[in-house]
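One file, work-v6.csv, carrying CSV, C-alpha atoms:
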```
chain,number,residue,atom,x,y,z
A,1,GLY,CA,-73.7,42.7,86.1
A,2,LEU,CA,-73.3,39.1,85.2
A,3,ARG,CA,-73.2,36.6,88.0
A,4,LEU,CA,-71.4,33.4,87.1
A,5,LEU,CA,-72.4,30.4,89.2
A,6,ASP,CA,-70.5,27.1,89.2
A,7,LEU,CA,-73.1,24.4,89.7
A,8,LYS,CA,-70.5,21.8,90.9
A,9,THR,CA,-68.8,23.9,93.6
A,10,GLY,CA,-71.5,26.5,94.4
A,11,GLY,CA,-68.9,29.2,93.9
A,12,TRP,CA,-69.8,32.4,92.0
A,13,SER,CA,-68.2,35.5,90.6
A,14,LEU,CA,-69.4,38.8,89.1
A,15,GLU,CA,-68.4,40.2,85.8
A,16,PRO,CA,-69.3,43.5,84.0
A,17,ASP,CA,-72.2,43.1,81.6
A,18,ASP,CA,-74.2,45.3,79.2
A,19,GLY,CA,-77.4,43.7,80.4
A,20,LEU,CA,-78.5,42.4,77.0
A,21,GLY,CA,-79.2,38.8,76.5
A,22,GLU,CA,-81.2,36.0,78.2
A,23,ARG,CA,-81.7,36.6,81.9
A,24,VAL,CA,-80.4,33.0,82.7
A,25,GLU,CA,-78.0,31.1,80.5
A,26,GLU,CA,-76.7,27.6,81.0
A,27,ASP,CA,-73.4,26.5,79.6
A,28,SER,CA,-73.2,23.7,77.1
A,29,ASP,CA,-72.1,21.0,79.6
A,30,SER,CA,-74.6,22.1,82.3
A,31,THR,CA,-71.9,22.9,84.9
A,32,ALA,CA,-72.4,26.6,85.2
A,33,LEU,CA,-75.1,29.3,85.0
A,34,LYS,CA,-74.9,32.9,83.9
A,35,LEU,CA,-77.4,35.2,85.7
A,36,ARG,CA,-78.0,38.7,84.6
A,37,VAL,CA,-78.7,41.1,87.5
A,38,GLY,CA,-79.4,44.7,87.3
A,39,PRO,CA,-82.1,47.4,87.5
A,40,VAL,CA,-85.7,46.8,86.5
A,41,ALA,CA,-86.4,47.4,82.8
A,42,ARG,CA,-87.7,50.9,82.1
A,43,LEU,CA,-89.5,52.4,79.2
A,44,VAL,CA,-89.4,56.2,78.8
A,45,ILE,CA,-92.1,57.2,76.3
A,46,ALA,CA,-91.3,60.6,74.8
A,47,GLY,CA,-94.6,62.2,74.0
A,48,ILE,CA,-98.2,61.1,74.1
A,49,SER,CA,-100.0,59.7,71.1
A,50,PRO,CA,-102.4,56.9,70.4
A,51,VAL,CA,-99.4,54.5,70.2
A,52,SER,CA,-98.1,55.7,73.5
A,53,GLU,CA,-101.0,54.4,75.5
A,54,TYR,CA,-100.8,50.9,74.0
A,55,CYS,CA,-97.0,50.9,74.5
A,56,ALA,CA,-97.5,51.8,78.2
A,57,GLN,CA,-100.0,49.0,78.6
A,58,PHE,CA,-97.9,46.4,76.9
A,59,ALA,CA,-94.7,47.5,78.6
A,60,SER,CA,-96.3,47.5,82.0
A,61,SER,CA,-97.7,44.0,81.5
A,62,LEU,CA,-94.2,42.9,80.5
A,63,GLY,CA,-92.8,44.2,83.8
A,64,PHE,CA,-91.3,47.5,82.7
A,65,GLU,CA,-91.4,50.6,84.8
A,66,VAL,CA,-93.1,53.1,82.4
A,67,ILE,CA,-92.5,56.8,82.4
A,68,VAL,CA,-94.4,59.0,80.0
A,69,CYS,CA,-93.1,62.6,79.4
A,70,ASP,CA,-95.2,65.3,77.7
A,71,PRO,CA,-95.4,69.0,78.5
A,72,ARG,CA,-98.8,69.4,76.8
A,73,GLU,CA,-101.4,69.7,79.5
A,74,ASP,CA,-104.3,68.7,77.2
A,75,MET,CA,-102.5,65.4,76.3
A,76,THR,CA,-101.5,64.5,79.9
A,77,ARG,CA,-105.0,65.2,81.1
A,78,GLN,CA,-106.6,62.6,78.7
A,79,PHE,CA,-103.8,60.0,79.1
A,80,ASN,CA,-104.7,56.9,81.0
A,81,SER,CA,-101.9,56.9,83.6
A,82,GLU,CA,-102.9,53.6,85.2
A,83,ASN,CA,-99.9,51.9,83.7
A,84,ALA,CA,-97.4,54.7,83.8
A,85,GLN,CA,-95.8,57.5,85.8
A,86,VAL,CA,-96.7,60.7,83.9
A,87,GLU,CA,-94.1,63.6,83.9
A,88,PRO,CA,-95.5,66.9,82.5
A,89,VAL,CA,-92.2,68.0,81.0
A,90,LEU,CA,-90.4,67.7,77.7
A,91,PRO,CA,-88.9,64.3,77.4
A,92,SER,CA,-85.5,65.9,76.7
A,93,VAL,CA,-85.7,67.8,80.0
A,94,TYR,CA,-86.5,64.6,81.9
A,95,LEU,CA,-83.7,62.7,80.2
A,96,ARG,CA,-81.2,65.5,80.9
A,97,ARG,CA,-82.2,65.6,84.5
A,98,PHE,CA,-82.5,61.8,85.3
A,99,GLY,CA,-80.6,60.1,82.4
A,100,ALA,CA,-81.3,56.5,81.5
A,101,HIS,CA,-79.6,53.4,82.9
A,102,PRO,CA,-78.6,50.5,80.7
A,103,ALA,CA,-82.0,48.7,81.2
A,104,THR,CA,-83.9,51.7,79.7
A,105,ALA,CA,-85.6,51.9,76.4
A,106,VAL,CA,-86.5,55.4,75.1
A,107,VAL,CA,-89.2,55.7,72.4
A,108,ALA,CA,-90.4,58.9,70.7
A,109,LEU,CA,-93.9,58.5,69.4
A,110,THR,CA,-95.5,61.8,68.6
A,111,HIS,CA,-94.4,62.7,65.0
A,112,ASP,CA,-93.6,66.2,66.4
A,113,PRO,CA,-89.9,67.0,65.8
A,114,ARG,CA,-90.0,69.5,68.7
A,115,ILE,CA,-90.6,66.7,71.1
A,116,ASP,CA,-89.1,63.7,69.2
A,117,ASP,CA,-85.9,65.1,67.9
A,118,LEU,CA,-84.9,66.8,71.2
A,119,ALA,CA,-85.7,63.6,73.1
A,120,LEU,CA,-83.4,61.6,70.7
A,121,ILE,CA,-80.6,64.1,71.1
A,122,GLU,CA,-80.7,63.7,74.9
A,123,ALA,CA,-81.3,59.9,74.8
A,124,ILE,CA,-78.1,59.4,72.8
A,125,LYS,CA,-76.1,60.9,75.7
A,126,THR,CA,-77.4,58.1,78.0
A,127,ASP,CA,-76.8,54.4,78.5
A,128,ALA,CA,-80.2,53.4,77.1
A,129,PHE,CA,-80.1,50.0,75.4
A,130,TYR,CA,-82.8,51.0,72.9
A,131,ILE,CA,-83.6,54.4,71.3
A,132,GLY,CA,-86.3,54.5,68.7
A,133,VAL,CA,-88.6,57.0,66.9
A,134,MET,CA,-91.8,56.5,64.9
A,135,GLY,CA,-92.0,57.5,61.3
A,136,SER,CA,-91.9,56.1,57.7
A,137,THR,CA,-88.6,55.3,56.0
A,138,LYS,CA,-88.7,58.6,54.2
A,139,THR,CA,-89.4,60.6,57.4
A,140,SER,CA,-86.7,58.7,59.1
A,141,SER,CA,-84.2,59.6,56.4
A,142,LYS,CA,-85.1,63.3,56.7
A,143,ARG,CA,-84.8,63.1,60.5
A,144,ALA,CA,-81.4,61.5,60.3
A,145,GLU,CA,-80.2,64.3,57.9
A,146,ARG,CA,-81.7,66.9,60.3
A,147,LEU,CA,-80.1,65.4,63.4
A,148,LEU,CA,-76.7,65.2,61.6
A,149,ARG,CA,-77.0,68.8,60.3
A,150,SER,CA,-78.5,70.7,63.2
A,151,GLY,CA,-78.8,68.2,66.0
A,152,GLY,CA,-75.1,67.8,66.6
A,153,LEU,CA,-75.1,64.1,66.3
A,154,ASN,CA,-72.6,62.0,64.4
A,155,GLN,CA,-73.2,59.0,62.2
A,156,ALA,CA,-72.4,56.5,64.9
A,157,GLU,CA,-75.0,58.1,67.2
A,158,ILE,CA,-77.6,58.2,64.4
A,159,ASP,CA,-76.9,54.5,63.9
A,160,ARG,CA,-77.9,53.8,67.5
A,161,ILE,CA,-81.5,55.1,66.8
A,162,HIS,CA,-84.0,52.5,65.6
A,163,MET,CA,-85.9,54.4,62.8
A,164,PRO,CA,-88.3,53.5,61.7
A,165,ILE,CA,-89.0,52.0,65.1
A,166,GLY,CA,-90.1,48.5,65.8
A,167,LEU,CA,-90.2,45.2,63.9
A,168,ALA,CA,-91.5,45.4,60.3
A,169,LEU,CA,-94.8,43.6,60.9
A,170,GLY,CA,-96.9,45.7,58.4
A,171,SER,CA,-98.5,47.4,61.4
A,172,LYS,CA,-101.2,50.0,60.7
A,173,THR,CA,-103.3,50.6,63.9
A,174,PRO,CA,-101.9,52.2,67.1
A,175,ALA,CA,-102.1,48.8,68.9
A,176,GLU,CA,-100.2,47.0,66.1
A,177,ILE,CA,-97.5,49.7,66.0
A,178,ALA,CA,-97.1,49.5,69.8
A,179,LEU,CA,-96.8,45.7,69.6
A,180,ALA,CA,-94.1,46.0,66.9
A,181,VAL,CA,-92.3,48.5,69.1
A,182,MET,CA,-92.4,46.4,72.2
A,183,ALA,CA,-91.4,43.2,70.3
A,184,ASP,CA,-88.3,45.0,68.9
A,185,ILE,CA,-87.4,46.3,72.4
A,186,LEU,CA,-87.6,42.8,73.8
A,187,ARG,CA,-85.6,41.4,70.8
A,188,VAL,CA,-82.8,43.9,71.6
A,189,ARG,CA,-83.0,43.3,75.3
A,190,ARG,CA,-82.6,39.6,74.8
A,191,GLY,CA,-79.6,40.1,72.6
A,192,ARG,CA,-81.3,38.7,69.4
A,193,LYS,CA,-80.4,39.9,65.9
A,194,ARG,CA,-83.3,40.5,63.5
A,195,ASP,CA,-82.1,37.6,61.3
A,196,GLU,CA,-82.4,35.2,64.3
A,197,LEU,CA,-86.2,35.7,64.6
```

Represent the structure of the file as structure tokens.
Amino acid sequence: GLRLLDLKTGGWSLEPDDGLGERVEEDSDSTALKLRVGPVARLVIAGISPVSEYCAQFASSLGFEVIVCDPREDMTRQFNSENAQVEPVLPSVYLRRFGAHPATAVVALTHDPRIDDLALIEAIKTDAFYIGVMGSTKTSSKRAERLLRSGGLNQAEIDRIHMPIGLALGSKTPAEIALAVMADILRVRRGRKRDEL
């Protein structure tokens, strides 16, 4: 919610809020503050890939609770879980079971439609503030068609998905891609439009 604090009287009130925007905002005449309160930021990583490990590291250092979902035992065994809680299930199963609160970002990072697409279909049903999937512009266009045709999503739901994921920084390496992903997640969480950067 949004706590409104009157700096002259000390009075306060609560208002509903989508959780996006600066955590603390001061009004123009410095007589009131808006404080955003809510659950801790969470990142659900759908599938393990080289990008996933960097995303987990970056997100953890930014104060996010990080959950990594992947049913592939060989992948979970080699994943460095120091910065994340690893769930050995399909991300879609995790999201169906636990959902996602409004301070949650869901990112699909495997290039495997069996993991990524199912995760997106479930993520759309949640209150996640950011849903994104890795892939080129061409791959993203094909994925959108596939999700419309056989995934049961409508155009408004497709429009909620950031694809290609992240800021267009010209990223090539897994670390650079993860940086672009986390920068975009922070941009959306802080309520900034791309053209305000």

Could you name the residues that touch A:Gly99 at 10 Å or less, counting only C-alpha atoms, but leaving out those on the same chain fewer than 6 positions away, as JSON, numbers by chain?
{"A": [92, 93, 122, 123, 124, 125, 126, 127, 128]}

Given all atoms listed in the file as the counted atoms, nearest of A:Trp12, A:Ala32, A:Pro91, A:Val44 to A:Ala59:
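Closest candidate: A:Val44.
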
From the options A:Ile131, A:Leu186, A:Ala84, A:Leu43, which residue's atoms come nearest to A:Leu167, counting only C-alpha atoms?
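For A:Leu167, the nearest of the given residues is A:Leu186.
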
Between atom CA of A:Arg42 and atom CA of A:Ser13, measure the distance and give it in Å to one decimal.
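Rounded to one decimal, the two atoms are 26.3 Å apart.
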
May I have the protein, DNA and RNA residues with an atom at most 9 Å from (-95.8, 55.5, 72.2), counting all atoms listed in the file in the file's coordinates, returned as a ChimeraX atom specification?
/A:45-56,68,107-110,134,174,177-178,181

For stretch 24-98 of chain A against stretch 187-196 of chain A, with a cut-off of 12 Å and counting all atoms listed in the file, what is the closest atom pair and its distance in Å to one decimal for every residue that makes the cut, ordered by chain and number, as a tab-separated table?
```
residue	atom	partner	partner_atom	distance
A:Val24	CA	A:Arg190	CA	10.5
A:Glu25	CA	A:Arg190	CA	11.2
A:Arg36	CA	A:Arg190	CA	10.9
A:Ala41	CA	A:Arg189	CA	9.2
A:Arg42	CA	A:Arg189	CA	11.2
A:Leu43	CA	A:Arg189	CA	11.8
A:Phe64	CA	A:Arg189	CA	11.9
```

Store the residues of this selection in a file with C-alpha atoms, as a short mmCIF file (atom, residue, chain, number, x, y, z; two decimals), keeping the file's coordinate frame.
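Ended up saving to again-v5.cif:
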```
data_model
loop_
_atom_site.label_atom_id
_atom_site.label_comp_id
_atom_site.auth_asym_id
_atom_site.auth_seq_id
_atom_site.Cartn_x
_atom_site.Cartn_y
_atom_site.Cartn_z
CA VAL A 24 -80.40 33.00 82.70
CA GLU A 25 -78.00 31.10 80.50
CA ARG A 36 -78.00 38.70 84.60
CA ALA A 41 -86.40 47.40 82.80
CA ARG A 42 -87.70 50.90 82.10
CA LEU A 43 -89.50 52.40 79.20
CA PHE A 64 -91.30 47.50 82.70
#
```

Which residue is closest to A:His111? Choose from A:Leu153, A:Leu7, A:Ala180, A:Val133 and count all atoms listed in the file.
A:Val133

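Across the structure, atom CA of A:Asp70 and atom CA of A:Pro113 are spaced 13.1 Å apart.
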
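With all atoms listed in the file as the atoms that count, the residue of A:Leu120, A:Ile158, A:Leu90, A:Ala103 with the shortest distance to A:Pro39 is A:Ala103.
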
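Atom to atom, atom CA of A:Ala168 and atom CA of A:Thr137 stand 11.2 Å apart.
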
Could you tell me which of A:Ile165, A:Leu118, A:Val66, A:Leu197 comes closest to A:Ile185 if we count only C-alpha atoms?
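When distances to A:Ile185 are compared using only C-alpha atoms, the smallest one comes from A:Ile165.
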